[in-house]
Each structure stands twice: as structure tokens, then as C-alpha cells.
>>> print(open('coords33.csv').read())   # CSV, C-alpha atoms
chain,number,residue,atom,x,y,z
A,1,MET,CA,35.6,122.5,63.3
A,2,LEU,CA,34.7,121.5,59.7
A,3,PHE,CA,36.9,124.5,58.6
A,4,ALA,CA,39.8,123.0,60.6
A,5,ILE,CA,39.3,119.6,58.9
A,6,LEU,CA,39.2,121.2,55.5
A,7,PHE,CA,42.3,123.3,56.4
A,8,PHE,CA,44.3,120.2,57.3
A,9,PHE,CA,43.2,118.4,54.2
A,10,LEU,CA,44.3,121.3,52.0
A,11,CYS,CA,47.6,121.5,53.9
A,12,THR,CA,48.2,117.8,53.5
A,13,VAL,CA,47.6,118.1,49.7
A,14,GLY,CA,49.9,121.1,49.6
A,15,VAL,CA,52.7,119.3,51.5
A,16,LEU,CA,52.4,116.2,49.3
A,17,ILE,CA,52.5,118.3,46.1
A,18,LEU,CA,55.5,120.4,47.3
A,19,SER,CA,57.5,117.3,48.4
A,20,ASN,CA,56.8,115.6,45.1
A,21,LYS,CA,58.0,118.6,43.2
A,22,ILE,CA,61.2,118.9,45.2
A,23,GLU,CA,62.1,115.2,45.0
A,24,ASN,CA,61.7,115.3,41.2
A,25,ILE,CA,64.2,118.2,40.8
A,26,PHE,CA,67.0,115.6,40.8
A,27,PRO,CA,65.5,112.3,39.6
A,28,GLU,CA,68.7,110.4,40.1
A,29,TYR,CA,68.6,111.2,43.9
A,30,GLN,CA,64.8,111.1,44.2
A,31,ASN,CA,64.7,108.3,46.8
A,32,VAL,CA,67.3,110.0,49.0
A,33,ILE,CA,65.5,113.4,48.7
A,34,ALA,CA,62.2,111.7,49.5
A,35,ALA,CA,63.6,110.2,52.7
A,36,ILE,CA,65.1,113.6,53.8
A,37,LEU,CA,61.8,115.4,53.1
A,38,ALA,CA,59.9,112.7,55.1
A,39,ILE,CA,62.0,113.5,58.2
A,40,SER,CA,62.5,117.2,57.9
A,41,LEU,CA,59.1,118.3,56.3
A,42,GLY,CA,57.3,115.6,58.4
A,43,PHE,CA,58.7,117.0,61.7
A,44,SER,CA,57.7,120.5,60.8
A,45,PHE,CA,54.3,119.4,59.7
A,46,PHE,CA,53.8,117.4,62.8
A,47,LYS,CA,54.8,120.3,65.1
A,48,ALA,CA,52.5,122.7,63.3
A,49,ILE,CA,49.5,120.4,63.6
A,50,GLU,CA,50.4,119.6,67.3
A,51,ILE,CA,50.3,123.3,68.1
A,52,ILE,CA,46.8,123.7,66.5
A,53,LEU,CA,45.5,120.6,68.2
A,54,LYS,CA,46.6,121.9,71.6
A,55,LYS,CA,44.9,125.3,71.0
A,56,LEU,CA,41.7,123.3,70.2
A,57,ALA,CA,42.2,121.2,73.4
A,58,VAL,CA,42.4,118.0,71.3
A,59,THR,CA,44.2,115.3,73.2
A,60,THR,CA,46.9,113.5,71.2
A,61,ASP,CA,48.5,110.1,71.9
A,62,LYS,CA,52.0,109.7,73.3
A,63,LEU,CA,54.5,108.6,70.7
A,64,LYS,CA,55.6,105.1,71.7
A,65,ILE,CA,58.2,103.3,69.7
A,66,SER,CA,56.5,100.0,70.5
A,67,ASN,CA,53.4,101.1,68.6
A,68,LEU,CA,55.6,101.7,65.5
A,69,ARG,CA,56.6,98.0,65.7
A,70,LYS,CA,53.0,96.9,66.2
A,71,GLY,CA,51.8,99.0,63.3
A,72,PHE,CA,54.6,97.7,61.0
A,73,SER,CA,53.7,94.1,61.9
A,74,LEU,CA,50.1,94.7,61.2
A,75,GLY,CA,50.8,96.2,57.8
A,76,PHE,CA,53.0,93.3,56.9
A,77,ILE,CA,50.5,90.7,58.1
A,78,VAL,CA,47.7,92.2,56.0
A,79,LEU,CA,49.9,92.5,53.0
A,80,PHE,CA,51.1,88.8,53.4
A,81,PHE,CA,47.5,87.5,53.4
A,82,SER,CA,46.6,89.7,50.4
A,83,VAL,CA,49.6,88.5,48.4
A,84,SER,CA,48.9,84.9,49.5
A,85,VAL,CA,45.4,85.1,48.0
A,86,LEU,CA,46.8,86.3,44.7
A,87,TYR,CA,49.3,83.4,44.6
A,88,LEU,CA,46.4,81.0,45.3
A,89,SER,CA,44.6,82.6,42.4
A,90,GLY,CA,47.3,81.6,40.0
A,91,TYR,CA,50.0,84.3,40.1
A,92,THR,CA,53.5,83.2,40.8
A,93,LEU,CA,57.0,84.6,41.7
A,94,SER,CA,58.8,86.2,38.9
A,95,LEU,CA,62.3,87.2,39.9
A,96,GLU,CA,63.9,87.5,36.4
A,97,LYS,CA,63.4,91.3,36.1
A,98,PHE,CA,63.7,92.1,39.8
A,99,GLY,CA,66.7,94.1,40.9
A,100,TRP,CA,67.6,93.8,44.6
A,101,GLU,CA,68.6,97.5,44.6
A,102,LYS,CA,64.9,98.3,44.3
A,103,ILE,CA,64.4,97.2,47.8
A,104,PHE,CA,66.7,99.9,49.1
A,105,ASP,CA,65.0,102.4,46.8
A,106,GLN,CA,61.6,101.5,48.3
A,107,ILE,CA,62.9,101.6,51.8
A,108,LEU,CA,63.9,105.3,51.3
A,109,PHE,CA,61.1,106.4,49.0
A,110,GLN,CA,58.1,105.1,50.9
A,111,LEU,CA,59.1,107.1,54.0
A,112,ARG,CA,57.6,110.2,52.5
A,113,PRO,CA,54.0,109.1,51.8
A,114,ALA,CA,53.8,107.1,55.0
A,115,ILE,CA,54.9,109.9,57.3
A,116,LEU,CA,53.4,112.9,55.6
A,117,GLU,CA,50.0,111.3,54.8
A,118,GLU,CA,49.6,109.8,58.3
A,119,ILE,CA,50.5,113.1,60.0
A,120,GLY,CA,48.0,115.0,57.8
A,121,PHE,CA,45.1,112.5,57.8
A,122,ARG,CA,45.3,110.6,61.0
A,123,PHE,CA,47.1,113.0,63.4
A,124,GLY,CA,45.4,116.0,61.9
A,125,ILE,CA,42.0,115.2,60.4
A,126,VAL,CA,41.1,112.1,62.4
A,127,SER,CA,42.1,113.6,65.7
A,128,ILE,CA,39.9,116.6,65.3
A,129,ALA,CA,37.0,114.6,63.8
A,130,SER,CA,37.1,112.1,66.6
A,131,HIS,CA,37.3,114.7,69.3
A,132,PHE,CA,34.4,116.8,68.1
A,133,PHE,CA,32.2,114.4,66.0
A,134,GLY,CA,33.0,110.9,67.3
A,135,ASN,CA,34.9,107.9,65.9
A,136,ARG,CA,32.3,107.1,63.2
A,137,VAL,CA,32.7,110.4,61.5
A,138,ALA,CA,36.4,110.3,62.1
A,139,LEU,CA,36.5,106.9,60.3
A,140,ILE,CA,34.8,108.4,57.3
A,141,LEU,CA,37.0,111.4,57.2
A,142,GLY,CA,40.1,109.3,57.6
A,143,SER,CA,39.2,107.1,54.6
A,144,ILE,CA,37.2,108.9,51.8
A,145,PRO,CA,39.4,112.0,51.6
A,146,PHE,CA,42.5,109.7,51.9
A,147,GLY,CA,41.2,107.8,48.8
A,148,VAL,CA,40.5,111.1,46.9
A,149,VAL,CA,43.9,112.6,47.6
A,150,HIS,CA,45.5,109.7,45.7
A,151,LEU,CA,44.1,111.3,42.5
A,152,LEU,CA,47.3,113.4,42.9
A,153,ASN,CA,49.1,110.4,41.3
A,154,PHE,CA,47.8,111.7,38.0
A,155,THR,CA,50.2,114.7,38.4
A,156,SER,CA,53.1,112.2,38.4
A,157,GLY,CA,52.0,110.6,35.2
A,158,GLU,CA,50.6,107.5,36.9
A,159,ALA,CA,47.4,105.9,35.6
A,160,ILE,CA,44.3,106.6,37.6
A,161,TYR,CA,41.6,104.0,37.9
A,162,TRP,CA,38.6,104.0,40.3
A,163,GLU,CA,39.3,100.5,41.7
A,164,TYR,CA,42.6,102.0,43.1
A,165,ILE,CA,40.8,105.0,44.6
A,166,ILE,CA,38.3,102.6,46.3
A,167,GLY,CA,41.3,100.5,47.4
A,168,THR,CA,43.0,103.5,49.0
A,169,THR,CA,39.7,104.5,50.7
A,170,VAL,CA,39.5,101.0,52.2
A,171,ALA,CA,43.1,101.3,53.2
A,172,GLY,CA,42.2,104.5,54.9
A,173,ILE,CA,39.6,102.6,57.0
A,174,PHE,CA,42.4,100.2,58.0
A,175,LEU,CA,44.9,102.9,58.8
A,176,THR,CA,42.4,104.9,60.8
A,177,SER,CA,41.6,101.7,62.8
A,178,VAL,CA,45.3,101.3,63.5
A,179,TYR,CA,45.6,104.9,64.5
A,180,PHE,CA,42.7,104.5,67.0
A,181,SER,CA,44.5,101.4,68.5
A,182,TYR,CA,48.2,102.3,68.3
A,183,GLY,CA,48.4,106.1,67.6
A,184,LEU,CA,50.4,108.0,65.0
A,185,LEU,CA,53.5,105.8,65.0
A,186,GLY,CA,51.4,102.7,64.7
A,187,ALA,CA,49.6,104.1,61.6
A,188,ILE,CA,52.9,105.3,60.1
A,189,GLY,CA,54.4,101.8,60.6
A,190,ALA,CA,51.4,100.0,59.0
A,191,HIS,CA,51.3,102.4,56.1
A,192,TYR,CA,55.1,102.2,55.5
A,193,SER,CA,55.3,98.4,55.7
A,194,TRP,CA,52.3,97.9,53.4
A,195,ASN,CA,53.8,100.4,50.8
A,196,VAL,CA,57.3,98.9,50.9
A,197,PHE,CA,56.3,95.2,50.8
A,198,ALA,CA,53.4,95.8,48.3
A,199,SER,CA,55.9,97.5,45.9
A,200,ILE,CA,58.5,94.8,46.3
A,201,SER,CA,56.0,92.0,46.0
A,202,SER,CA,54.5,93.3,42.8
A,203,GLN,CA,58.0,93.7,41.3
A,204,ALA,CA,58.9,90.2,42.2
A,205,SER,CA,55.7,88.5,41.1
A,206,THR,CA,53.6,88.1,37.9
A,207,PHE,CA,50.8,90.2,39.3
A,208,LYS,CA,50.8,94.0,39.0
A,209,GLN,CA,50.5,96.3,42.0
A,210,GLU,CA,47.0,97.3,40.9
A,211,ASN,CA,45.9,93.6,41.2
A,212,LEU,CA,47.0,93.8,44.8
A,213,GLU,CA,45.8,97.3,45.9
A,214,ALA,CA,42.5,97.1,43.9
A,215,GLY,CA,41.7,93.5,44.5
A,216,LEU,CA,38.4,92.5,46.1
A,217,TRP,CA,40.2,90.0,48.4
A,218,THR,CA,42.4,92.9,49.6
A,219,TYR,CA,39.4,95.0,50.4
A,220,CYS,CA,37.9,92.1,52.4
A,221,ILE,CA,41.1,91.5,54.3
A,222,LEU,CA,41.6,95.2,55.2
A,223,ILE,CA,38.0,95.6,56.4
A,224,SER,CA,38.2,92.3,58.4
A,225,CYS,CA,41.3,93.5,60.1
A,226,SER,CA,39.8,96.9,60.8
A,227,LEU,CA,36.7,95.2,62.4
A,228,LEU,CA,39.0,93.1,64.5
A,229,LEU,CA,41.0,96.1,65.7
A,230,PHE,CA,37.7,97.9,66.7
A,231,ARG,CA,36.5,94.8,68.5
A,232,LEU,CA,39.8,94.5,70.4
A,233,ARG,CA,39.7,98.2,71.3
A,234,VAL,CA,36.1,98.0,72.6
A,235,SER,CA,37.1,94.9,74.7
A,236,LYS,CA,40.0,96.7,76.3
A,237,LYS,CA,37.8,99.6,77.3
A,238,ASN,CA,35.3,97.3,78.8
>>> encode(input="coords33.csv", output="C-alpha cells")
Amino acid sequence: MLFAILFFFLCTVGVLILSNKIENIFPEYQNVIAAILAISLGFSFFKAIEIILKKLAVTTDKLKISNLRKGFSLGFIVLFFSVSVLYLSGYTLSLEKFGWEKIFDQILFQLRPAILEEIGFRFGIVSIASHFFGNRVALILGSIPFGVVHLLNFTSGEAIYWEYIIGTTVAGIFLTSVYFSYGLLGAIGAHYSWNVFASISSQASTFKQENLEAGLWTYCILISCSLLLFRLRVSKKN
């Protein structure tokens, strides 16, 4: 089963690299292409993983639209508290250079990472790890590789710093916790709302996005929310 987990990881990396290359062919339409790839490539990726999971007798959750809403709300709430802490730390709103068209760009662009990464990591890796090795191992495999894969940002010319990799690893813990509670759509919703609002918030404030995603308070808020989700899940089972 470790081979299957490694296979899903490599497939996810491959899908992310491929989609990134395709969307950059026409930079002026990058956001639209990203949204199209999220739906088309995401659906194909989902069905391929679903077939493999069925062959391995791994039970998957039913896709409930209500879970998408719950996950979206969770992502927004966690982001809201993280941004609030930054404002209390001295950062302020800075709307002078903010273009409202950027909101629409983020709404389209952030579909790709949210959908493709959650299908690969949560639906693929976490499902197998949870079924064969238990939730603790699944939590690790849903977080550390998730943080490591964000080193791919280097291929897009973005700066890489270890605080960010740690931050995405902690985010992986949160998203895996959401997946355990609300399934794939819940994890996609949480991932998507965090990405969209984090990007918009950093563009409309004096803090940079790395101050948000690599901030100690953000780590604490994500971990606290993850623990709360686990506690609620255990309570429901009992």
C-alpha cells in the first residue's frame, strides 16, 4: 500500500506540473484556463483515483453539496481569525493599490490548486493511508507531503522559504481534519476559501501573504481548529 501512496503522490505532482505548464501557455487567459483545467482535469483525476480505490476496497465518502458549504465556511473562519491577529499586531488595510478585478481572477485561478491538490492528497493518499494504516498515519501523510509539494512553487519563479513549507504542512493537518469530518467536498471548500480570501486579504492590506501563511499565530489557529474537529468527530462516534 505504500507503493499506492507513493504512486498517488507522484501522480498529483505530475498533474500539478502539467496544469501549471498548460495555463502558462497563454498568460493573458491564465485564470480562465486554470478554472477549466480544475474542472476537466480534476474530474478525470477524481474518476481515475476512484477506480483504484474501489479495486483496493477502500470506502469513500458520498459527495454532499452541504459539506462543500461547511468546508468553505471553515476555511473562511480560520482565515478571518488569522487576519484579525495580524491587524491586532499593527497591520492595516491598504486599498490604494488593490484592483477589484483581482477578486474575479482569484475566484477562477484558485479553483485549480484547491480541486487538484485535494483530490490527490485527501481523496487519494489520505483515503488509502486511513484505510490501511489508521488516521494518525493518514494525518501525517496528508500534511508533510502536502507541505513538500509546495516546493513546486519554485518552478513558477516564486520565492521558497521554510516557514511557508511549515505553514502548508500545518495547513495539510487542518485540511485532512476537514476531510475526515466533511469529506472531499468539505476539504475542497476549505482549501478554496482559504486560498481566495488569503490572496485578497494580502493584496488589500499592509501585510504580505507570507506574513499570513507563515505566521506563528496562523499555525496555532489551524492546529486548534484541527483539534476541535477531531474532538467533535470523536464525540459524534460516541
>>> closest_residue(input="coords33.csv", among="A:Ser193, A:Thr12, A:Ser44, A:Ser177", to="Phe76 (chain A)", atoms="only C-alpha atoms")
A:Ser193
>>> residues_near_point(input="coords33.csv", point="(45.9, 106.5, 53.1)", cutoff="9 Å", atoms="all atoms listed in the file", output="VMD selection string")
chain A and resid 113 to 114 117 to 118 121 to 122 142 to 143 145 to 147 149 to 150 168 to 176 191
>>> atom_distance(input="coords33.csv", atom1="CA of Ile22 (chain A)", atom2="CA of Leu111 (chain A)")
14.9 Å
>>> residues_around(input="coords33.csv", residues="Asp61 (chain A)", least_positions_apart="6", cutoff="10 Å", atoms="all atoms listed in the file", output="list in words")
Phe123, Ser127, Tyr179, Phe180, Tyr182, Gly183, Leu184 and Leu185 of chain A
>>> residues_near_point(input="coords33.csv", point="(48.6, 98.4, 36.5)", cutoff="12 Å", atoms="only C-alpha atoms", output="MDAnalysis selection string")
chainID A and resid 158:161 163:164 199 202:203 206:215
>>> closest_residue(input="coords33.csv", among="A:Ser94, A:Val148, A:Phe9, A:Val85", to="Ser201 (chain A)", atoms="all atoms listed in the file")
A:Ser94
>>> residues_around(input="coords33.csv", residues="Gln30 (chain A)", least_positions_apart="5", cutoff="10 Å", atoms="all atoms listed in the file", output="ChimeraX atom specification")
/A:20,22-25,35-36,105,108-109
>>> closest_residue(input="coords33.csv", among="A:Ala4, A:Ile166, A:Ala48, A:Val126", to="Ile144 (chain A)", atoms="all atoms listed in the file")
A:Ile166
>>> closest_residue(input="coords33.csv", among="A:Arg112, A:Lys54, A:Arg136, A:Lys62", to="Gly124 (chain A)", atoms="only C-alpha atoms")
A:Lys54
>>> closest_residue(input="coords33.csv", among="A:Ile49, A:Ala204, A:Leu56, A:Ile165", to="Leu151 (chain A)", atoms="only C-alpha atoms")
A:Ile165
>>> atom_distance(input="coords33.csv", atom1="CA of Ala190 (chain A)", atom2="CA of Ile119 (chain A)")
13.2 Å
>>> atom_distance(input="coords33.csv", atom1="CA of Glu101 (chain A)", atom2="CA of Val196 (chain A)")
13.0 Å
